[in-house]
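Structure data follow from target.cif (mmCIF, C-alpha atoms):
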```cif
data_final
loop_
_atom_site.group_PDB
_atom_site.id
_atom_site.type_symbol
_atom_site.label_atom_id
_atom_site.label_comp_id
_atom_site.auth_asym_id
_atom_site.auth_seq_id
_atom_site.Cartn_x
_atom_site.Cartn_y
_atom_site.Cartn_z
ATOM 1 C CA MET U 1 -30.363 -36.222 -60.116
ATOM 2 C CA ILE U 2 -27.891 -33.748 -58.642
ATOM 3 C CA THR U 3 -24.285 -34.773 -58.043
ATOM 4 C CA THR U 4 -22.482 -32.819 -55.332
ATOM 5 C CA LEU U 5 -18.868 -32.991 -54.242
ATOM 6 C CA ALA U 6 -18.398 -31.440 -50.802
ATOM 7 C CA VAL U 7 -14.952 -30.455 -49.548
ATOM 8 C CA ASP U 8 -14.331 -29.617 -45.895
ATOM 9 C CA VAL U 9 -10.926 -27.910 -45.936
ATOM 10 C CA SER U 10 -8.628 -27.820 -42.918
ATOM 11 C CA LEU U 11 -4.893 -27.497 -42.413
ATOM 12 C CA ARG U 12 -4.235 -31.026 -41.216
ATOM 13 C CA ARG U 13 -6.787 -33.189 -43.034
ATOM 14 C CA SER U 14 -9.478 -32.300 -45.560
ATOM 15 C CA GLY U 15 -12.670 -34.336 -45.953
ATOM 16 C CA PHE U 16 -14.453 -35.036 -49.235
ATOM 17 C CA ALA U 17 -17.928 -36.502 -49.861
ATOM 18 C CA LEU U 18 -19.524 -37.370 -53.207
ATOM 19 C CA LEU U 19 -23.323 -37.549 -53.246
ATOM 20 C CA HIS U 20 -25.949 -38.321 -55.905
ATOM 21 C CA ASP U 21 -28.981 -36.515 -54.523
ATOM 22 C CA GLU U 22 -29.004 -37.734 -50.913
ATOM 23 C CA LYS U 23 -27.206 -41.029 -51.596
ATOM 24 C CA VAL U 24 -23.601 -41.139 -50.432
ATOM 25 C CA ILE U 25 -21.360 -42.548 -53.160
ATOM 26 C CA GLN U 26 -18.021 -42.230 -51.399
ATOM 27 C CA THR U 27 -16.132 -40.280 -48.734
ATOM 28 C CA TRP U 28 -12.388 -39.593 -48.628
ATOM 29 C CA ALA U 29 -9.944 -37.758 -46.411
ATOM 30 C CA CYS U 30 -6.705 -36.209 -47.574
ATOM 31 C CA PRO U 31 -4.057 -35.725 -44.882
ATOM 32 C CA ILE U 32 -2.169 -32.593 -45.765
ATOM 33 C CA ALA U 33 0.083 -32.230 -42.720
ATOM 34 C CA ASN U 34 3.334 -34.036 -42.120
ATOM 35 C CA ALA U 35 4.437 -35.835 -38.968
ATOM 36 C CA HIS U 36 5.442 -32.523 -37.380
ATOM 37 C CA ASN U 37 1.911 -31.112 -37.938
ATOM 38 C CA ARG U 38 3.162 -28.609 -40.459
ATOM 39 C CA PRO U 39 1.015 -28.180 -43.583
ATOM 40 C CA LEU U 40 2.433 -29.875 -46.649
ATOM 41 C CA GLU U 41 2.813 -28.105 -49.943
ATOM 42 C CA LEU U 42 -0.572 -27.168 -51.378
ATOM 43 C CA GLU U 43 0.222 -29.192 -54.499
ATOM 44 C CA ALA U 44 -0.774 -32.333 -52.541
ATOM 45 C CA LEU U 45 -4.249 -30.960 -51.783
ATOM 46 C CA TRP U 46 -4.585 -29.576 -55.308
ATOM 47 C CA ALA U 47 -3.620 -32.903 -56.900
ATOM 48 C CA PHE U 48 -5.967 -34.874 -54.661
ATOM 49 C CA SER U 49 -8.842 -32.452 -55.325
ATOM 50 C CA ALA U 50 -8.206 -32.427 -59.081
ATOM 51 C CA ALA U 51 -8.216 -36.231 -59.198
ATOM 52 C CA ILE U 52 -11.550 -36.475 -57.376
ATOM 53 C CA ILE U 53 -13.295 -33.518 -59.019
ATOM 54 C CA GLY U 54 -12.062 -34.435 -62.500
ATOM 55 C CA ALA U 55 -13.184 -38.068 -62.329
ATOM 56 C CA PRO U 56 -16.126 -38.604 -64.686
ATOM 57 C CA PRO U 57 -18.860 -37.631 -64.433
ATOM 58 C CA LEU U 58 -18.174 -34.086 -63.270
ATOM 59 C CA PRO U 59 -20.261 -33.046 -60.254
ATOM 60 C CA ASP U 60 -23.076 -30.555 -60.751
ATOM 61 C CA PHE U 61 -21.847 -28.630 -57.711
ATOM 62 C CA VAL U 62 -18.712 -28.373 -55.598
ATOM 63 C CA ALA U 63 -19.605 -27.300 -52.068
ATOM 64 C CA ILE U 64 -16.917 -25.705 -49.920
ATOM 65 C CA GLU U 65 -17.210 -24.222 -46.465
ATOM 66 C CA THR U 66 -16.745 -20.514 -46.000
ATOM 67 C CA SER U 67 -16.817 -18.607 -42.729
ATOM 68 C CA ALA U 68 -15.176 -15.943 -40.613
ATOM 69 C CA LYS U 69 -12.119 -18.155 -40.295
ATOM 70 C CA TRP U 70 -11.392 -17.388 -43.966
ATOM 71 C CA GLN U 71 -12.016 -13.684 -43.373
ATOM 72 C CA GLY U 72 -9.744 -12.872 -40.464
ATOM 73 C CA GLY U 73 -11.071 -15.211 -37.763
ATOM 74 C CA LYS U 74 -8.885 -17.258 -35.466
ATOM 75 C CA GLY U 75 -8.452 -20.105 -37.952
ATOM 76 C CA ASP U 76 -8.546 -23.873 -37.626
ATOM 77 C CA GLY U 77 -6.525 -25.749 -35.038
ATOM 78 C CA GLY U 78 -4.248 -22.837 -34.307
ATOM 79 C CA GLY U 79 -3.193 -22.581 -37.944
ATOM 80 C CA SER U 80 -2.938 -19.364 -39.839
ATOM 81 C CA VAL U 81 -5.918 -17.896 -41.655
ATOM 82 C CA GLY U 82 -3.702 -17.330 -44.694
ATOM 83 C CA ALA U 83 -2.851 -21.026 -44.932
ATOM 84 C CA LEU U 84 -6.548 -21.939 -44.730
ATOM 85 C CA ALA U 85 -7.382 -19.465 -47.460
ATOM 86 C CA GLU U 86 -4.601 -20.933 -49.620
ATOM 87 C CA ALA U 87 -5.882 -24.477 -49.036
ATOM 88 C CA ARG U 88 -9.426 -23.419 -49.932
ATOM 89 C CA SER U 89 -8.111 -21.666 -53.046
ATOM 90 C CA ALA U 90 -6.235 -24.820 -54.078
ATOM 91 C CA VAL U 91 -9.518 -26.772 -54.055
ATOM 92 C CA ILE U 92 -11.336 -24.072 -56.046
ATOM 93 C CA CYS U 93 -8.483 -23.921 -58.599
ATOM 94 C CA ALA U 94 -8.611 -27.724 -58.923
ATOM 95 C CA ALA U 95 -12.355 -27.453 -59.611
ATOM 96 C CA PHE U 96 -11.774 -24.838 -62.322
ATOM 97 C CA HIS U 97 -8.996 -26.986 -63.804
ATOM 98 C CA ALA U 98 -11.414 -29.939 -63.969
ATOM 99 C CA GLY U 99 -13.969 -27.868 -65.896
ATOM 100 C CA ILE U 100 -16.277 -26.715 -63.091
ATOM 101 C CA SER U 101 -17.582 -23.179 -63.638
ATOM 102 C CA SER U 102 -17.820 -20.522 -60.948
ATOM 103 C CA LYS U 103 -21.627 -20.915 -61.058
ATOM 104 C CA GLN U 104 -21.195 -24.511 -59.882
ATOM 105 C CA ILE U 105 -19.117 -23.591 -56.806
ATOM 106 C CA ARG U 106 -21.271 -23.297 -53.701
ATOM 107 C CA GLU U 107 -19.779 -21.598 -50.662
ATOM 108 C CA ILE U 108 -21.739 -22.437 -47.540
ATOM 109 C CA ASP U 109 -21.317 -20.948 -44.084
ATOM 110 C CA PRO U 110 -20.876 -23.524 -41.277
ATOM 111 C CA ASN U 111 -23.824 -21.982 -39.411
ATOM 112 C CA ASP U 112 -25.994 -22.699 -42.461
ATOM 113 C CA VAL U 113 -24.751 -26.305 -42.527
ATOM 114 C CA ARG U 114 -25.674 -26.773 -38.867
ATOM 115 C CA TRP U 115 -29.040 -25.080 -39.352
ATOM 116 C CA LEU U 116 -29.936 -27.082 -42.494
ATOM 117 C CA ILE U 117 -28.864 -30.438 -41.026
ATOM 118 C CA ALA U 118 -29.532 -30.117 -37.277
ATOM 119 C CA GLY U 119 -32.020 -27.256 -37.196
ATOM 120 C CA ASN U 120 -29.744 -25.291 -34.862
ATOM 121 C CA LYS U 121 -26.889 -23.064 -36.001
ATOM 122 C CA PHE U 122 -25.173 -23.610 -32.643
ATOM 123 C CA ALA U 123 -25.164 -27.430 -32.896
ATOM 124 C CA SER U 124 -21.916 -29.157 -31.918
ATOM 125 C CA LYS U 125 -20.094 -31.618 -34.185
ATOM 126 C CA GLU U 126 -21.480 -34.472 -32.094
ATOM 127 C CA GLN U 127 -25.057 -33.177 -32.458
ATOM 128 C CA LEU U 128 -24.547 -32.796 -36.201
ATOM 129 C CA GLN U 129 -23.220 -36.371 -36.415
ATOM 130 C CA ARG U 130 -26.207 -37.629 -34.411
ATOM 131 C CA CYS U 131 -28.599 -35.867 -36.813
ATOM 132 C CA LEU U 132 -26.859 -37.596 -39.731
ATOM 133 C CA GLN U 133 -27.345 -40.936 -37.968
ATOM 134 C CA LEU U 134 -31.034 -40.169 -37.341
ATOM 135 C CA ARG U 135 -31.422 -39.507 -41.072
ATOM 136 C CA GLY U 136 -30.120 -43.008 -41.735
ATOM 137 C CA TYR U 137 -26.513 -42.262 -42.661
ATOM 138 C CA THR U 138 -23.703 -44.501 -41.494
ATOM 139 C CA LEU U 139 -20.950 -42.287 -40.127
ATOM 140 C CA PRO U 140 -17.587 -42.804 -41.838
ATOM 141 C CA GLU U 141 -14.914 -44.208 -39.541
ATOM 142 C CA ARG U 142 -11.155 -44.311 -39.447
ATOM 143 C CA GLU U 143 -8.718 -46.299 -37.412
ATOM 144 C CA GLN U 144 -7.155 -44.526 -34.470
ATOM 145 C CA ARG U 145 -4.206 -45.816 -32.455
ATOM 146 C CA MET U 146 -4.299 -45.264 -28.720
ATOM 147 C CA LYS U 147 -1.891 -46.306 -26.001
ATOM 148 C CA SER U 148 -3.469 -48.427 -23.284
ATOM 149 C CA GLY U 149 -1.451 -49.997 -20.469
ATOM 150 C CA GLY U 150 1.829 -49.868 -22.349
ATOM 151 C CA HIS U 151 0.307 -51.328 -25.545
ATOM 152 C CA TYR U 152 -1.077 -49.660 -28.623
ATOM 153 C CA VAL U 153 -4.669 -50.508 -29.470
ATOM 154 C CA THR U 154 -6.328 -49.729 -32.794
ATOM 155 C CA LEU U 155 -9.909 -48.495 -32.444
ATOM 156 C CA ALA U 156 -12.520 -47.383 -34.951
ATOM 157 C CA ALA U 157 -13.438 -43.749 -34.420
ATOM 158 C CA VAL U 158 -15.843 -41.460 -36.240
ATOM 159 C CA ASP U 159 -13.995 -39.635 -39.009
ATOM 160 C CA SER U 160 -15.065 -36.068 -38.282
ATOM 161 C CA ASP U 161 -13.510 -34.695 -41.497
ATOM 162 C CA LYS U 162 -15.573 -37.043 -43.663
ATOM 163 C CA CYS U 163 -18.697 -36.388 -41.532
ATOM 164 C CA ASP U 164 -18.245 -32.642 -41.943
ATOM 165 C CA ALA U 165 -17.946 -33.086 -45.718
ATOM 166 C CA LEU U 166 -21.071 -35.268 -45.760
ATOM 167 C CA ALA U 167 -23.051 -32.666 -43.790
ATOM 168 C CA LEU U 168 -21.740 -29.926 -46.091
ATOM 169 C CA GLY U 169 -22.856 -31.849 -49.186
ATOM 170 C CA LEU U 170 -26.323 -32.502 -47.768
ATOM 171 C CA ALA U 171 -26.643 -28.839 -46.752
ATOM 172 C CA CYS U 172 -25.675 -27.776 -50.288
ATOM 173 C CA LEU U 173 -28.368 -30.043 -51.723
ATOM 174 C CA ALA U 174 -30.967 -28.746 -49.244
ATOM 175 C CA LYS U 175 -30.051 -25.153 -50.046
ATOM 176 C CA GLU U 176 -30.312 -25.803 -53.802
ATOM 177 C CA ARG U 177 -33.764 -27.319 -53.317
ATOM 178 C CA LEU U 178 -34.901 -24.339 -51.227
ATOM 179 C CA LEU U 179 -33.631 -21.903 -53.872
ATOM 180 C CA ALA U 180 -35.359 -23.854 -56.669
ATOM 181 C CA LYS U 181 -38.608 -23.876 -54.689
ATOM 182 C CA ALA U 182 -38.398 -20.118 -54.088
ATOM 183 C CA GLU U 183 -37.655 -19.557 -57.786
ATOM 184 C CA ARG U 184 -40.751 -21.559 -58.798
ATOM 185 C CA ARG U 185 -42.902 -19.486 -56.408
ATOM 186 C CA GLU U 186 -41.681 -16.236 -57.968
ATOM 187 C CA ARG U 187 -42.855 -17.308 -61.428
#
```
For this file, produce the structure as structure tokens.
Amino acid sequence: MITTLAVDVSLRRSGFALLHDEKVIQTWACPIANAHNRPLELEALWAFSAAIIGAPPLPDFVAIETSAKWQGGKGDGGGSVGALAEARSAVICAAFHAGISSKQIREIDPNDVRWLIAGNKFASKEQLQRCLQLRGYTLPEREQRMKSGGHYVTLAAVDSDKCDALALGLACLAKERLLAKAERRER
């Protein structure tokens, strides 16, 4: 049984998913932006990551998304690439602090996630979420307040940060299985 912790890092809210093989154990989201949409200190993300990663038993793998946005792309939500890189580094440092080795960190490109889950590297978030539903996963939700006719209404909405983390974790598991299969063929 492989335990994977997937972390989808963003400037405003990071998603986490813990899986045992393909069974979802829990999903979390860590808001890391204040009311003015400015990123909080990275200590908040580091502390949250360390608490989840360090909870026994340690995961076999920590999956984290990597892409051009970490390497000079336009970034996430208009935020700076440097801030995203710092947030990603905070999660990796928390993993090391918890006792995870560099061999257990899996960096997965978002195109690979879309290809492994939806079969199309150009799939939208909605298509990716639909593929998760077709595989039998219940999409995590969060409450969202909306103004309607002068009143605020609370609605359940799909939590895209948690869904992204779930897809990332499943893609990590699929990639590990493909690598193991290829390794067995080489022997």
Test item: the PyMOL selection byres ((chain U and resi 16) around 12) resolved as a ChimeraX atom specification: /U:4-10,13-15,17-19,24-31,45,48-53,62-65,91,140,159-169
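Across the model, the gap from CA of Leu84 (chain U) to CA of Glu176 (chain U) is 25.7 Å.
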Target residues per the PyMOL selection byres ((chain U and resi 129) around 9), formatted as a list of chain:residue names: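 Written out, the selection comes to U:Ala118, U:Ser124, U:Lys125, U:Glu126, U:Gln127, U:Leu128, U:Arg130, U:Cys131, U:Leu132, U:Gln133, U:Leu134, U:Leu139, U:Val158, U:Ser160, U:Cys163, U:Asp164, U:Ala167.
Between CA of Pro59 (chain U) and CA of Leu178 (chain U) there is a distance of 19.3 Å.
As for CA of Asp112 (chain U) and CA of Leu11 (chain U), they are spaced 21.6 Å apart.
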Calculate, to one decimal in Å, the centre and edge lengths of the box along x, y and z of the file that holds all listed atoms of region 103-110 of chain U with 6 Å of margin on each side, and present them as AutoDock Vina command-line options.
```
--center_x -20.4 --center_y -22.7 --center_z -51.2 --size_x 14.6 --size_y 15.6 --size_z 31.8
```
